[in-house]
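A quick write-up on the structure given underneath.
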Amino acid sequence: MLGPVDYVLWLVGVLLDAAAVVCVVRSRSVRKYFTLSLYLLTAFLLSVSRYLILTGYGYTSPHYFYFYYMSDAILTIFLYFALMGLYFHVFQEMGVHHYLRVAALMLLAGTAWVSYQVVASSSHRLLTRFVVELSQNLYFIGLVLTYLLWGAVMKLRETRTRLIQLVLALGVYFSAFAASYALRNLYPEFLLWRYVSHLMALLLPVSWAYTFLKIPEEARLATARVAATNR
């Protein structure tokens with residue numbers, strides 16, 4: 001059963017997602033960062049929908065069970081496209097948008113196929129197992145792609161401060177989730193892991209809201225300074 005802490009974390013998450021959407025709209029960046037904006041809006045809508053289904057059917061109901069995992073997979077896919085959107089911004093001057101779009105779709109399709117093959121032998125809750133496997137695989141791919149993107153940012157000497165901050169925030173988010181997942185497997189008896197994962201989920205809307213609220217699009221930062229700060 002869910003306790004007061006779960007509801008508080010849910011409420012904070014919903015408010016932060018909404019605040020991040022407002023910050024994007026206020027900075028007039030919806031069109032420029034469309035996939036990122038779509039992810040934040042989807043996160044807000046799915047969080048509200050989860051609560052409505054939870055209160056309507058109960059925490060242990062199959063309705064909530066299936067919707068939770070389905071919505072998690074949908075949100076992961078939207079986050080994947082948000083990451084691809086950042087790739088487009090970093091490589092936009094090279095004119096490789098078409099190739100990146102095709103590669104992104106092929107990678108997503110390949111990940112879905114591999115995920116299905118992993119769970120294909122299971123006859124019990126095949127769809128649920130598939131979406132869980134897909135979400136986990138996409139998170140791993142997202143982590144790798146984010147580090148590769150940061151390497152490209154450094155290599156290309158990207159100076160757009162807002163874009164750098166968005167990529168860094170995504171890197172911290174994926175890294176935190178990867179560390180949490182590894183520690184949870186090492187110490188499964190630690191009952192507070194579910195709260196840790198909720199707290200991790202708050203990192204992205206907080207950092208992205210701050211970026212759109214405080215850092216103007218025209219701001220520039222030398223990449224060398226970022227590298228020196230991270231040492």
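Every chain in the structure tokens takes a letter, A first, then B, and so on in the order presented; its residues are numbered from 1, and the ligands are numbered from 1 following the presented order.
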
For Leu126 in chain A, find every residue with an atom within 12 Å (counting only C-alpha atoms), except residues of its own chain fewer than 5 positions away, and show them as a list in words. Tyr66, Ser115, Tyr116, Gln117, Val118, Val119, Ala120, Ser121, Val131, Val132 and Glu133 of chain A

Write out as a PyMOL selection string each polymer residue whose atoms come within 10 Å of Asp17 in chain A, counting only C-alpha atoms; drop sequence neighbours fewer than 2 positions from it. chain A and resi 11-15+19-23+39-45+47+202+204-206+208-209

Which one is closest to Val153 in chain A: A:Leu16, A:Leu166, A:Leu36, A:Ile141? Count only C-alpha atoms.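 Closest candidate: A:Leu166.
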
Residues near Tyr87 in chain A, cut-off 12 Å, only C-alpha atoms, skip fewer than 6 positions along chain, as a ChimeraX atom specification: /A:33,35-36,80-81,93-101,103-104,142,145-153,163-164,166-167

Using only C-alpha atoms for the distances, tell me which of A:Val5, A:Met70, A:Leu105, A:Ala219 is nearest to Met84 in chain A. A:Leu105

Shortest interatomic distance to Leu134 in chain A - which of A:Ala176, A:Leu156, A:Leu83, A:Ala73, counting only C-alpha atoms: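 Between A:Ala176, A:Leu156, A:Leu83, A:Ala73, the residue approaching Leu134 in chain A most closely is A:Ala73.
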
Which is closer to Leu9 in chain A than all the others in A:Ile74, A:Ala112, A:Val30, A:Leu199, using only C-alpha atoms?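 Among A:Ile74, A:Ala112, A:Val30, A:Leu199, it is A:Leu199 that comes nearest to Leu9 in chain A.
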
Need to verify the contact set: Tyr7 in chain A, 12 Å, only C-alpha atoms, exclusion of same-chain residues closer than 6 positions in sequence. Can you return it as a list in words?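 Result of the neighbour search: Met1, Gly13, Val14, Ser47, Val48, Arg50, Tyr51, Leu54, Thr55, Tyr195 and His198 of chain A.
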
Got time to write the residues from that selection, C-alpha atoms, as a tab-separated table (two decimals), in the first residue's frame?
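again-v6.tsv, written as the output of this step:
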```tsv
chain	number	residue	atom	x	y	z
A	1	MET	CA	0.00	0.00	0.00
A	13	GLY	CA	6.57	15.37	-9.06
A	14	VAL	CA	3.34	16.56	-10.69
A	47	SER	CA	1.19	11.28	-13.46
A	48	VAL	CA	-2.29	12.75	-13.12
A	50	ARG	CA	-1.99	7.33	-12.65
A	51	TYR	CA	-3.45	9.07	-9.63
A	54	LEU	CA	-5.16	4.66	-8.39
A	55	THR	CA	-8.01	6.38	-6.58
A	195	TYR	CA	11.54	6.42	-2.42
A	198	HIS	CA	10.94	8.74	-6.86
```

Point-to-point distance in Å for CA of Leu46 in chain A and CA of Asp72 in chain A: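 Answer for the CA of Asp72 in chain A to CA of Leu46 in chain A separation: 8.7 Å.
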
Between A:Ala109, A:Val90, A:Leu127, A:Ala18, which residue has the minimum interatomic distance to Tyr69 in chain A, considering only C-alpha atoms?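 Nearest candidate to Tyr69 in chain A out of A:Ala109, A:Val90, A:Leu127, A:Ala18: A:Leu127.
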
Which residue is closest to Met154 in chain A? Choose from A:Glu218, A:Ser27, A:Ile77, A:Leu168 and count only C-alpha atoms.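 Going through A:Glu218, A:Ser27, A:Ile77, A:Leu168 one by one, the smallest distance to Met154 in chain A is for A:Leu168.
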
Per-residue DSSP, range 16-94 of chain A, filtered to alpha helix (DSSP H), as an MDAnalysis selection string: chainID A and resid 16:26 34:57 62:90

Quick one: residues within 8 Å of Ser180 in chain A, only C-alpha atoms, excluding same-chain residues fewer than 4 positions away - as a list of chain:residue names?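 These residues fall inside the cut-off: A:Ala176, A:Arg184, A:Trp193, A:Val196, A:Ser197.
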
Any chance you can output those residues with C-alpha atoms as a CSV table (one decimal), in the first residue's frame?
```
chain,number,residue,atom,x,y,z
A,176,ALA,CA,21.5,8.5,-11.0
A,184,ARG,CA,19.0,-1.9,-5.6
A,193,TRP,CA,14.8,2.2,-2.7
A,196,VAL,CA,15.0,6.9,-3.9
A,197,SER,CA,13.7,6.2,-7.4
```

The distance between CA of Gln92 in chain A and CA of Leu138 in chain A is 23.8 Å

For the atom pair CA of Asn137 in chain A and CA of Thr76 in chain A, what is the interatomic distance in Å to one decimal place? 9.8 Å
